[in-house]
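Trainee: coords17.cif is reproduced in full below (mmCIF, C-alpha atoms (C1' of nucleotides)).
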```cif
data_final
#
loop_
_atom_site.label_atom_id
_atom_site.label_comp_id
_atom_site.auth_asym_id
_atom_site.auth_seq_id
_atom_site.Cartn_x
_atom_site.Cartn_y
_atom_site.Cartn_z
CA MET A 550 110.64 137.16 104.31
CA THR A 551 109.58 134.42 106.71
CA ILE A 552 108.45 130.99 105.66
CA LYS A 553 104.97 131.86 106.80
CA GLU A 554 104.80 134.90 104.57
CA VAL A 555 106.10 132.99 101.60
CA SER A 556 103.67 130.15 102.15
CA GLU A 557 100.80 132.62 102.24
CA LYS A 558 102.07 134.54 99.24
CA PHE A 559 102.13 131.42 97.09
CA GLY A 560 99.34 129.44 98.65
CA ILE A 561 101.42 126.44 99.65
CA THR A 562 102.21 125.07 103.09
CA GLN A 563 105.40 125.66 105.04
CA ASP A 564 105.98 121.93 104.95
CA THR A 565 105.86 122.01 101.19
CA LEU A 566 108.37 124.84 101.09
CA ARG A 567 110.75 122.89 103.30
CA TYR A 568 110.15 119.82 101.17
CA TYR A 569 110.97 121.71 97.96
CA GLU A 570 114.17 122.91 99.50
CA LYS A 571 115.19 119.46 100.67
CA ALA A 572 114.23 118.01 97.31
CA GLY A 573 116.54 120.52 95.66
CA ILE A 574 114.15 122.39 93.43
CA ILE A 575 114.57 125.69 95.23
CA PRO A 576 117.92 126.85 96.59
CA GLU A 577 118.98 126.48 100.21
CA ILE A 578 117.47 129.43 102.01
CA ALA A 579 119.65 131.72 104.13
CA ARG A 580 118.90 131.72 107.86
CA THR A 581 118.50 134.35 110.52
CA SER A 582 120.85 134.27 113.50
CA GLY A 583 118.20 132.18 115.22
CA GLY A 584 118.16 129.61 112.46
CA ALA A 585 114.86 130.55 110.81
CA ARG A 586 114.64 130.67 107.03
CA ASN A 587 114.85 134.15 105.59
CA TYR A 588 113.70 134.19 101.98
CA GLN A 589 115.35 136.69 99.64
CA SER A 590 113.69 138.07 96.53
CA GLU A 591 115.84 135.80 94.42
CA ASP A 592 114.48 132.83 96.37
CA LEU A 593 110.96 134.02 95.75
CA GLU A 594 111.58 133.86 92.02
CA TRP A 595 112.55 130.26 92.41
CA VAL A 596 109.51 129.50 94.53
CA GLU A 597 107.26 131.15 92.00
CA HIS A 598 108.85 129.16 89.22
CA VAL A 599 108.51 125.76 90.85
CA VAL A 600 104.99 126.44 92.09
CA CYS A 601 103.97 127.42 88.59
CA LEU A 602 105.51 124.37 86.96
CA ARG A 603 104.36 121.99 89.67
CA GLN A 604 100.81 123.19 89.25
CA ALA A 605 101.10 122.36 85.60
CA GLY A 606 102.06 118.84 86.63
CA MET A 607 105.78 119.01 86.02
CA PRO A 608 107.40 116.29 88.17
CA VAL A 609 109.67 117.40 90.99
CA GLU A 610 112.44 115.28 89.56
CA SER A 611 112.37 117.25 86.33
CA LEU A 612 112.95 120.45 88.23
CA VAL A 613 115.94 119.28 90.24
CA GLU A 614 118.42 119.34 87.40
CA TYR A 615 117.56 122.89 86.46
CA LEU A 616 118.46 124.25 89.87
CA ARG A 617 121.59 122.16 89.92
CA LEU A 618 122.72 123.52 86.55
CA SER A 619 121.86 127.08 87.51
CA GLN A 620 124.09 126.77 90.52
CA LYS A 621 126.92 125.39 88.44
CA GLY A 622 127.34 128.71 86.71
CA ASP A 623 127.06 130.40 83.36
CA ARG A 624 128.67 127.70 81.27
CA THR A 625 125.55 125.59 81.77
CA PHE A 626 123.37 127.91 79.67
CA PRO A 627 123.07 125.50 76.76
CA GLU A 628 122.15 122.60 79.01
CA ARG A 629 119.61 124.69 80.82
CA LEU A 630 118.10 125.78 77.55
CA GLU A 631 117.80 122.19 76.46
CA LEU A 632 116.18 121.27 79.74
CA LEU A 633 113.63 124.05 79.44
CA GLN A 634 112.81 122.96 75.92
CA GLU A 635 112.32 119.41 77.13
CA GLN A 636 110.00 120.63 79.85
CA ARG A 637 108.08 122.64 77.33
CA GLU A 638 107.58 119.57 75.20
CA ARG A 639 106.23 117.69 78.17
CA LEU A 640 103.70 120.43 78.68
CA THR A 641 102.81 120.46 75.01
CA ALA A 642 102.12 116.74 75.17
CA GLN A 643 100.03 117.22 78.27
CA GLN A 644 98.15 120.02 76.59
CA LYS A 645 97.17 117.72 73.78
CA LYS A 646 95.79 115.17 76.20
CA LEU A 647 93.89 117.92 77.92
CA THR A 648 92.26 119.19 74.74
CA ASP A 649 91.46 115.64 73.67
CA ALA A 650 89.66 115.13 76.93
CA MET A 651 87.90 118.46 76.66
CA ASN A 652 86.70 117.67 73.17
CA ARG A 653 85.35 114.40 74.42
CA LEU A 654 83.55 116.09 77.26
CA ASP A 655 82.20 118.80 74.97
CA PHE A 656 80.77 116.19 72.67
CA LYS A 657 79.08 114.35 75.49
CA ILE A 658 77.88 117.55 77.08
CA SER A 659 76.25 118.74 73.88
CA ARG A 660 74.43 115.44 73.56
CA TYR A 661 73.30 115.51 77.14
CA GLN A 662 72.10 119.06 76.78
CA ALA A 663 69.97 118.05 73.84
CA ALA A 664 68.80 115.00 75.77
CA VAL A 665 67.81 116.96 78.82
CA GLU A 666 65.89 119.41 76.65
CA THR A 667 64.11 116.90 74.44
CA GLY A 668 63.82 114.21 77.07
CA ARG A 669 65.69 111.61 75.08
CA LEU A 670 69.26 110.93 74.13
CA SER A 671 70.10 111.60 70.51
CA TRP A 672 71.96 108.35 70.14
CA GLU A 673 69.25 106.06 71.42
CA ASP A 674 68.42 105.12 67.82
CA GLU A 675 71.96 104.38 66.86
CA LYS A 676 73.34 100.90 66.54
CA VAL A 677 76.31 101.66 68.69
CA ASN A 678 74.83 101.65 72.11
CA ALA A 679 77.56 102.65 74.48
CA LYS A 680 75.59 104.53 77.05
CA GLY A 681 77.18 107.29 79.01
CA MET B 99 87.79 90.91 73.23
CA THR B 100 90.31 89.61 75.75
CA ILE B 101 91.91 91.75 78.41
CA LYS B 102 95.20 91.42 76.60
CA GLU B 103 93.77 92.79 73.38
CA VAL B 104 92.11 95.66 75.19
CA SER B 105 95.27 96.50 77.10
CA GLU B 106 97.22 96.62 73.84
CA LYS B 107 94.56 98.61 72.04
CA PHE B 108 94.63 101.34 74.66
CA GLY B 109 98.22 101.11 75.80
CA ILE B 110 97.51 100.34 79.43
CA THR B 111 98.30 97.23 81.46
CA GLN B 112 95.92 94.42 82.25
CA ASP B 113 96.37 95.24 85.91
CA THR B 114 95.20 98.75 85.27
CA LEU B 115 92.14 97.50 83.45
CA ARG B 116 91.24 95.25 86.39
CA TYR B 117 91.93 98.11 88.74
CA TYR B 118 89.62 100.44 86.80
CA GLU B 119 86.90 97.85 86.97
CA LYS B 120 87.31 97.32 90.68
CA ALA B 121 87.46 101.06 91.24
CA GLY B 122 84.15 101.36 89.45
CA ILE B 123 85.07 103.64 86.58
CA ILE B 124 84.38 101.06 83.91
CA PRO B 125 81.49 98.60 84.15
CA GLU B 126 81.84 95.04 85.37
CA ILE B 127 82.97 93.06 82.36
CA ALA B 128 81.11 89.92 81.26
CA ARG B 129 83.01 86.66 81.57
CA THR B 130 83.56 83.64 79.37
CA SER B 131 82.44 80.27 80.69
CA GLY B 132 85.98 79.88 81.99
CA GLY B 133 85.82 83.11 83.97
CA ALA B 134 87.98 85.30 81.72
CA ARG B 135 86.87 88.84 80.98
CA ASN B 136 85.24 89.27 77.61
CA TYR B 137 85.08 92.95 76.66
CA GLN B 138 82.12 94.09 74.55
CA SER B 139 82.20 97.11 72.27
CA GLU B 140 80.18 99.03 74.83
CA ASP B 141 82.88 98.29 77.39
CA LEU B 142 85.51 99.55 75.00
CA GLU B 143 83.74 102.90 74.82
CA TRP B 144 84.00 103.12 78.58
CA VAL B 145 87.64 102.16 78.56
CA GLU B 146 88.39 104.75 75.92
CA HIS B 147 86.58 107.37 77.91
CA VAL B 148 88.36 106.76 81.20
CA VAL B 149 91.76 106.39 79.56
CA CYS B 150 91.26 109.71 77.80
CA LEU B 151 90.16 111.54 80.94
CA ARG B 152 92.76 109.89 83.15
CA GLN B 153 95.49 110.96 80.77
CA ALA B 154 94.24 114.48 81.14
CA GLY B 155 94.69 114.10 84.88
CA MET B 156 91.07 113.63 85.90
CA PRO B 157 91.08 111.84 89.29
CA VAL B 158 89.67 108.32 89.40
CA GLU B 159 87.29 109.41 92.11
CA SER B 160 85.72 111.96 89.79
CA LEU B 161 84.95 109.29 87.27
CA VAL B 162 83.26 106.88 89.65
CA GLU B 163 80.05 108.82 90.03
CA TYR B 164 79.53 109.09 86.31
CA LEU B 165 79.48 105.34 85.81
CA ARG B 166 77.24 104.94 88.82
CA LEU B 167 74.75 107.44 87.46
CA SER B 168 74.86 105.94 83.99
CA GLN B 169 73.92 102.60 85.46
CA LYS B 170 71.06 104.11 87.39
CA GLY B 171 69.18 104.80 84.20
CA ASP B 172 67.87 107.59 82.05
CA ARG B 173 66.47 109.75 84.79
CA THR B 174 70.04 110.64 85.80
CA PHE B 175 70.67 112.62 82.60
CA PRO B 176 70.63 116.00 84.33
CA GLU B 177 73.01 114.86 87.05
CA ARG B 178 75.33 113.34 84.51
CA LEU B 179 75.29 116.53 82.52
CA GLU B 180 76.17 118.50 85.61
CA LEU B 181 79.00 116.10 86.39
CA LEU B 182 80.44 116.40 82.90
CA GLN B 183 80.29 120.16 83.13
CA GLU B 184 82.11 120.03 86.44
CA GLN B 185 84.78 117.83 84.92
CA ARG B 186 85.09 120.24 82.06
CA GLU B 187 85.69 123.08 84.45
CA ARG B 188 88.41 121.13 86.17
CA LEU B 189 90.11 120.67 82.85
CA THR B 190 89.70 124.32 81.98
CA ALA B 191 91.37 125.25 85.25
CA GLN B 192 94.17 122.81 84.55
CA GLN B 193 94.54 124.21 81.07
CA LYS B 194 95.11 127.65 82.50
CA LYS B 195 97.86 126.37 84.75
CA LEU B 196 99.41 124.65 81.80
CA THR B 197 99.45 127.75 79.63
CA ASP B 198 100.79 129.82 82.52
CA ALA B 199 103.66 127.38 82.86
CA MET B 200 104.25 127.31 79.13
CA ASN B 201 104.37 131.08 78.95
CA ARG B 202 106.89 131.07 81.76
CA LEU B 203 109.02 128.51 79.96
CA ASP B 204 108.74 130.36 76.67
CA PHE B 205 109.96 133.52 78.29
CA LYS B 206 112.92 131.80 79.84
CA ILE B 207 113.68 129.88 76.69
CA SER B 208 113.76 133.02 74.58
CA ARG B 209 116.19 134.62 77.01
CA TYR B 210 118.40 131.57 77.06
CA GLN B 211 118.39 131.38 73.29
CA ALA B 212 119.59 134.95 73.12
CA ALA B 213 122.10 134.21 75.85
CA VAL B 214 123.51 131.17 74.13
CA GLU B 215 123.85 133.10 70.90
CA THR B 216 125.38 136.26 72.33
CA GLY B 217 127.27 134.57 75.11
CA ARG B 218 125.59 136.54 77.87
CA LEU B 219 122.22 136.57 79.55
CA SER B 220 120.06 139.53 78.65
CA TRP B 221 119.08 140.13 82.24
CA GLU B 222 122.56 140.29 83.66
CA ASP B 223 122.31 144.07 83.71
CA GLU B 224 118.94 144.13 85.38
CA LYS B 225 118.41 144.97 89.00
CA VAL B 226 116.34 141.92 89.62
CA ASN B 227 118.89 139.21 89.69
CA ALA B 228 117.02 135.97 90.06
CA LYS B 229 119.21 133.68 88.09
CA GLY B 230 117.71 130.73 86.30
"C1'" DA C 545 109.79 133.99 134.77
"C1'" DT C 546 106.08 132.51 131.97
"C1'" DA C 547 103.34 132.24 128.16
"C1'" DC C 548 102.76 132.40 123.44
"C1'" DT C 549 103.83 132.13 118.73
"C1'" DC C 550 106.80 131.02 115.13
"C1'" DC C 551 110.16 128.16 113.42
"C1'" DA C 552 113.43 123.96 113.11
"C1'" DT C 553 114.40 118.92 112.40
"C1'" DG C 554 113.98 114.00 111.40
"C1'" DG C 555 111.11 110.75 110.50
"C1'" DA C 556 106.69 108.56 110.14
"C1'" DG C 557 102.26 108.59 107.85
"C1'" DT C 558 98.91 109.50 104.03
"C1'" DC C 559 96.86 109.50 99.58
"C1'" DC C 560 96.61 108.27 94.89
"C1'" DA C 561 97.09 105.38 91.18
"C1'" DC C 562 98.80 101.96 89.97
"C1'" DT C 563 102.00 97.60 89.92
"C1'" DC C 564 103.55 93.25 91.33
"C1'" DC C 565 103.08 88.74 93.13
"C1'" DA C 566 101.75 84.08 94.78
"C1'" DG C 567 99.03 80.60 94.01
"C1'" DG C 568 95.40 78.69 91.34
"C1'" DT C 569 91.98 77.74 87.11
"C1'" DC C 570 91.18 76.85 82.24
"C1'" DA C 571 91.73 75.75 77.25
"C1'" DA C 572 94.53 74.36 73.51
"C1'" DG C 573 98.32 71.93 71.46
"C1'" DA C 574 102.30 68.13 71.21
"C1'" DT D 998 98.50 63.41 79.77
"C1'" DC D 999 101.51 66.99 80.19
"C1'" DT D 1000 102.94 71.49 79.21
"C1'" DT D 1001 102.31 76.06 78.06
"C1'" DG D 1002 100.28 80.39 78.15
"C1'" DA D 1003 96.62 83.47 79.21
"C1'" DC D 1004 93.75 84.52 82.75
"C1'" DC D 1005 91.88 84.74 87.60
"C1'" DT D 1006 91.90 86.65 92.72
"C1'" DG D 1007 93.22 88.95 96.96
"C1'" DG D 1008 96.47 91.34 98.85
"C1'" DA D 1009 100.92 93.41 99.43
"C1'" DG D 1010 104.24 96.72 97.58
"C1'" DT D 1011 105.77 101.00 95.07
"C1'" DG D 1012 106.63 105.83 93.77
"C1'" DG D 1013 105.51 110.52 93.93
"C1'" DA D 1014 104.37 114.36 96.47
"C1'" DC D 1015 103.32 115.88 100.04
"C1'" DT D 1016 101.53 116.14 105.19
"C1'" DC D 1017 101.73 115.44 109.98
"C1'" DC D 1018 103.96 114.99 114.32
"C1'" DA D 1019 106.95 115.05 118.47
"C1'" DT D 1020 110.29 117.57 120.39
"C1'" DG D 1021 112.89 121.49 121.10
"C1'" DG D 1022 114.99 126.39 120.31
"C1'" DA D 1023 114.23 131.61 119.61
"C1'" DG D 1024 111.90 136.00 120.12
"C1'" DT D 1025 108.45 138.94 122.03
"C1'" DA D 1026 104.85 140.48 125.26
"C1'" DT D 1027 103.13 140.52 130.21
#
```
Show this structure as structure tokens.

Mentor:
Amino acid sequence: MTIKEVSEKFGITQDTLRYYEKAGIIPEIARTSGGARNYQSEDLEWVEHVVCLRQAGMPVESLVEYLRLSQKGDRTFPERLELLQEQRERLTAQQKKLTDAMNRLDFKISRYQAAVETGRLSWEDEKVNAKG
Amino acid sequence: MTIKEVSEKFGITQDTLRYYEKAGIIPEIARTSGGARNYQSEDLEWVEHVVCLRQAGMPVESLVEYLRLSQKGDRTFPERLELLQEQRERLTAQQKKLTDAMNRLDFKISRYQAAVETGRLSWEDEKVNAKG
DNA sequence: ATACTCCATGGAGTCCACTCCAGGTCAAGA
DNA sequence: TCTTGACCTGGAGTGGACTCCATGGAGTAT
């Protein structure tokens, strides 16, 4: 598969694909006789993985070690497992922040909805007067 | 409340607080006679809000308009409501990416756990051979 | 042979969100 | 009065993650 096809398949630019490779979060891609990258299905799995985790906000740096360990062979299973569990914890933490923020927005939204309907904000009578 | 106290209360630096003010996502803070910032409880509500949303990954730019509208008075309720709903949708989208990534990690983790226990990866026999 | 498109590389540039710094003011305490 | 510590400003610097660019090679169609 060409770099163009892969970039379209995953909705990222060719530059980003080359950057991921140089950064070491996807493997070095085999080349055609002419020197063009020729992605194998195994490579696509890696691309899918990093795109997925990057979109969730996982730092590039956190993904480097995983590729490195994977290429060091089977004896790195325990380390890889630990790494994945660490990454999962990061995401769990992020998820909490996300739901906190959503709860905050929901609360404000519900008040604004009432305000827009009744023409006045429900907390205008309150002592605490932090507008917004 | 001094900038130091506020920074400690919310776990962000004083520089960040000044930056947020200059960026226009918290209001301009009143000063003491000597020129030092003197945060009021209303300001603290704003700080709490932006810290919460920033931690969830909401871009600074997306927060600017909300303060601006809030300072333009009550007739901006509908616009503010719309803005909050937009922000909520952003977070919902981000939440999906997060759960996608977590599912992916969970799947890999469960396979690695089995692998570490049994000494071999469960997908070694499979045709698809994307290691990792 | 020429044109066209795709791809390669190294390196510079961009954007975001801080973060740091120099140089100065201000208030309180020894 | 002198020192100390917190605070101020404007502006430069940083780190992460791309993104863009100039230049040049390869493959295909006319």

Trainee: Write down, as a PyMOL selection string, each residue of chain D that has any atom within 10 Å of an atom of chain A, counting all atoms listed in the file.

Mentor: chain D and resi 1013-1017+1022-1024

Trainee: Return the neighbours of chain A among the residues of chain C, cut-off 10 Å, counting all atoms listed in the file, as a PyMOL selection string.

Mentor: chain C and resi 550-552

Trainee: Identify which of the residues A:Glu631, A:Leu618, A:Ala605, A:Thr667 lies closest to chain B, counting all atoms listed in the file when measuring atom-to-atom distances.

Mentor: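 Result for the nearest residue to chain B: A:Ala605.
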
Trainee: Excluding Val104 (chain B) and residues on its chain fewer than 4 positions from it, collect all residues at most 10 Å away from it, counting all atoms listed in the file, and give them as a JSON list (two decimals) with C-alpha atoms, in the coordinates of the input.

Mentor:
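Below is the file that was written, part18.json:
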```json
[["chain", "number", "residue", "atom", "x", "y", "z"],
["B", 99, "MET", "CA", 87.79, 90.91, 73.23],
["B", 100, "THR", "CA", 90.31, 89.61, 75.75],
["B", 108, "PHE", "CA", 94.63, 101.34, 74.66],
["B", 109, "GLY", "CA", 98.22, 101.11, 75.80],
["B", 110, "ILE", "CA", 97.51, 100.34, 79.43],
["B", 111, "THR", "CA", 98.30, 97.23, 81.46],
["B", 112, "GLN", "CA", 95.92, 94.42, 82.25],
["B", 115, "LEU", "CA", 92.14, 97.50, 83.45],
["B", 136, "ASN", "CA", 85.24, 89.27, 77.61],
["B", 137, "TYR", "CA", 85.08, 92.95, 76.66],
["B", 141, "ASP", "CA", 82.88, 98.29, 77.39],
["B", 142, "LEU", "CA", 85.51, 99.55, 75.00],
["B", 145, "VAL", "CA", 87.64, 102.16, 78.56],
["B", 146, "GLU", "CA", 88.39, 104.75, 75.92]]
```

Trainee: Give me the result of the PyMOL selection byres ((chain A) within 6 of (chain B)) on this file, residue by residue, as an MDAnalysis selection string.

Mentor: chainID A and resid 591 601:602 605 619 630 646:647 650 661 679 681

Trainee: Identify the residues around (101.3, 97.5, 99.7) within a radius of 10 Å, measuring from all atoms listed in the file in the coordinates stated by the file, and give them as a list in words.

Mentor: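 Neighbouring residues, ordered by chain and number, come to DT563 and DC564 of chain C; DG1008, DA1009, DG1010 and DT1011 of chain D.
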
Trainee: Using CA of Glu614 (chain A) and CA of Ile574 (chain A) as the two end points, give the distance in Å to one decimal.

Mentor: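 Result for CA of Glu614 (chain A) versus CA of Ile574 (chain A): 8.0 Å, one decimal.
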
Trainee: Pairing the C-alpha atoms in order across the whole chain, superpose chain B onto chain A by least squares and write the result as a compact mmCIF listing (two decimals) with C-alpha atoms, keeping the file's coordinate frame.

Mentor:
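Result file follows (superposed13.txt):
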```
# COMPACT_ATOMS: atom_id res chain seq x y z
CA MET B 99 110.67 137.15 104.29
CA THR B 100 109.59 134.43 106.71
CA ILE B 101 108.45 131.00 105.62
CA LYS B 102 104.97 131.87 106.77
CA GLU B 103 104.81 134.93 104.56
CA VAL B 104 106.13 133.01 101.59
CA SER B 105 103.69 130.17 102.13
CA GLU B 106 100.81 132.64 102.21
CA LYS B 107 102.07 134.57 99.21
CA PHE B 108 102.14 131.45 97.06
CA GLY B 109 99.34 129.47 98.64
CA ILE B 110 101.40 126.46 99.63
CA THR B 111 102.22 125.10 103.08
CA GLN B 112 105.39 125.69 105.02
CA ASP B 113 105.99 121.96 104.93
CA THR B 114 105.87 122.03 101.18
CA LEU B 115 108.37 124.86 101.06
CA ARG B 116 110.77 122.91 103.27
CA TYR B 117 110.16 119.85 101.17
CA TYR B 118 110.96 121.72 97.96
CA GLU B 119 114.18 122.93 99.48
CA LYS B 120 115.19 119.49 100.64
CA ALA B 121 114.22 118.03 97.29
CA GLY B 122 116.53 120.53 95.65
CA ILE B 123 114.12 122.40 93.42
CA ILE B 124 114.55 125.70 95.22
CA PRO B 125 117.91 126.85 96.58
CA GLU B 126 118.97 126.47 100.19
CA ILE B 127 117.48 129.45 101.98
CA ALA B 128 119.65 131.73 104.13
CA ARG B 129 118.93 131.71 107.85
CA THR B 130 118.52 134.33 110.53
CA SER B 131 120.89 134.22 113.48
CA GLY B 132 118.23 132.13 115.21
CA GLY B 133 118.16 129.56 112.43
CA ALA B 134 114.86 130.54 110.79
CA ARG B 135 114.65 130.68 107.02
CA ASN B 136 114.88 134.16 105.59
CA TYR B 137 113.70 134.21 101.98
CA GLN B 138 115.36 136.71 99.63
CA SER B 139 113.70 138.08 96.51
CA GLU B 140 115.86 135.79 94.41
CA ASP B 141 114.48 132.85 96.37
CA LEU B 142 110.97 134.05 95.73
CA GLU B 143 111.59 133.90 92.00
CA TRP B 144 112.55 130.27 92.41
CA VAL B 145 109.52 129.53 94.52
CA GLU B 146 107.26 131.16 91.98
CA HIS B 147 108.84 129.17 89.22
CA VAL B 148 108.50 125.77 90.85
CA VAL B 149 104.99 126.46 92.10
CA CYS B 150 103.95 127.44 88.58
CA LEU B 151 105.49 124.37 86.96
CA ARG B 152 104.33 122.00 89.68
CA GLN B 153 100.78 123.22 89.25
CA ALA B 154 101.08 122.37 85.61
CA GLY B 155 102.02 118.85 86.65
CA MET B 156 105.76 119.00 86.02
CA PRO B 157 107.37 116.27 88.17
CA VAL B 158 109.64 117.40 91.00
CA GLU B 159 112.39 115.26 89.57
CA SER B 160 112.34 117.24 86.34
CA LEU B 161 112.92 120.44 88.22
CA VAL B 162 115.90 119.26 90.24
CA GLU B 163 118.39 119.31 87.41
CA TYR B 164 117.54 122.86 86.46
CA LEU B 165 118.44 124.24 89.86
CA ARG B 166 121.58 122.14 89.92
CA LEU B 167 122.69 123.49 86.56
CA SER B 168 121.84 127.05 87.50
CA GLN B 169 124.09 126.74 90.51
CA LYS B 170 126.90 125.36 88.42
CA GLY B 171 127.35 128.68 86.70
CA ASP B 172 127.05 130.37 83.36
CA ARG B 173 128.64 127.68 81.27
CA THR B 174 125.51 125.55 81.77
CA PHE B 175 123.34 127.88 79.68
CA PRO B 176 123.03 125.47 76.76
CA GLU B 177 122.10 122.56 79.01
CA ARG B 178 119.58 124.66 80.84
CA LEU B 179 118.08 125.76 77.57
CA GLU B 180 117.78 122.17 76.47
CA LEU B 181 116.14 121.25 79.76
CA LEU B 182 113.59 124.03 79.46
CA GLN B 183 112.78 122.96 75.94
CA GLU B 184 112.28 119.41 77.14
CA GLN B 185 109.96 120.62 79.87
CA ARG B 186 108.07 122.62 77.32
CA GLU B 187 107.56 119.55 75.21
CA ARG B 188 106.21 117.68 78.18
CA LEU B 189 103.69 120.42 78.71
CA THR B 190 102.77 120.46 75.04
CA ALA B 191 102.11 116.74 75.20
CA GLN B 192 100.01 117.21 78.31
CA GLN B 193 98.13 120.02 76.63
CA LYS B 194 97.16 117.70 73.82
CA LYS B 195 95.78 115.16 76.25
CA LEU B 196 93.86 117.90 77.95
CA THR B 197 92.26 119.17 74.77
CA ASP B 198 91.45 115.61 73.70
CA ALA B 199 89.64 115.10 76.98
CA MET B 200 87.88 118.43 76.71
CA ASN B 201 86.68 117.66 73.21
CA ARG B 202 85.35 114.36 74.46
CA LEU B 203 83.53 116.07 77.30
CA ASP B 204 82.18 118.77 75.02
CA PHE B 205 80.76 116.17 72.71
CA LYS B 206 79.07 114.33 75.52
CA ILE B 207 77.86 117.52 77.12
CA SER B 208 76.22 118.71 73.92
CA ARG B 209 74.41 115.40 73.58
CA TYR B 210 73.26 115.48 77.17
CA GLN B 211 72.06 119.04 76.81
CA ALA B 212 69.95 118.01 73.86
CA ALA B 213 68.80 114.96 75.77
CA VAL B 214 67.78 116.91 78.83
CA GLU B 215 65.87 119.36 76.69
CA THR B 216 64.10 116.86 74.46
CA GLY B 217 63.79 114.16 77.06
CA ARG B 218 65.69 111.57 75.05
CA LEU B 219 69.28 110.92 74.14
CA SER B 220 70.13 111.63 70.53
CA TRP B 221 72.05 108.41 70.16
CA GLU B 222 69.34 106.10 71.37
CA ASP B 223 68.55 105.22 67.77
CA GLU B 224 72.13 104.57 66.83
CA LYS B 225 73.59 101.14 66.39
CA VAL B 226 76.50 101.85 68.62
CA ASN B 227 74.96 101.74 72.01
CA ALA B 228 77.65 102.69 74.46
CA LYS B 229 75.64 104.47 77.04
CA GLY B 230 77.20 107.26 79.04
```

Trainee: Mind giving me the straight-line distance from CA of Glu103 (chain B) to C1' of DA561 (chain C) in Å, one decimal?

Mentor: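 The value is 22.1 Å.
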
Trainee: One decimal, Å: what's the distance from C1' of DT569 (chain C) over to C1' of DT1001 (chain D), could you say?

Mentor: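 Computing it gives 13.8 Å between the two atoms.
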
Trainee: Any chance you could resolve the PyMOL selection byres ((chain C and resi 555) around 10) against this file and give the residues as a PyMOL selection string?

Mentor: (chain C and resi 553-554+556-557) or (chain D and resi 1018-1019)

Trainee: What box, with edges along x, y and z, holds each listed atom of region 999-1009 of chain D when 3 Å is added on every side, and can you state its centre and edge lengths in Å to one decimal, as JSON?

Mentor:
```
{"center_x": 97.4, "center_y": 80.2, "center_z": 88.7, "size_x": 17.1, "size_y": 32.4, "size_z": 27.4}
```

Trainee: Run the PyMOL selection byres ((chain D and resi 999) around 12) against the file shown and list the residues it catches, as a VMD selection string.

Mentor: (chain C and resid 573 to 574) or (chain D and resid 998 1000 to 1001)

Trainee: Name the residues in contact with DA547 (chain C) at a cut-off of 12 Å, using all atoms listed in the file, excluding same-chain residues fewer than 4 positions from it; report them as a list in words.

Mentor: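 Counting all atoms listed in the file, the residues come to DT1025, DA1026 and DT1027 of chain D.
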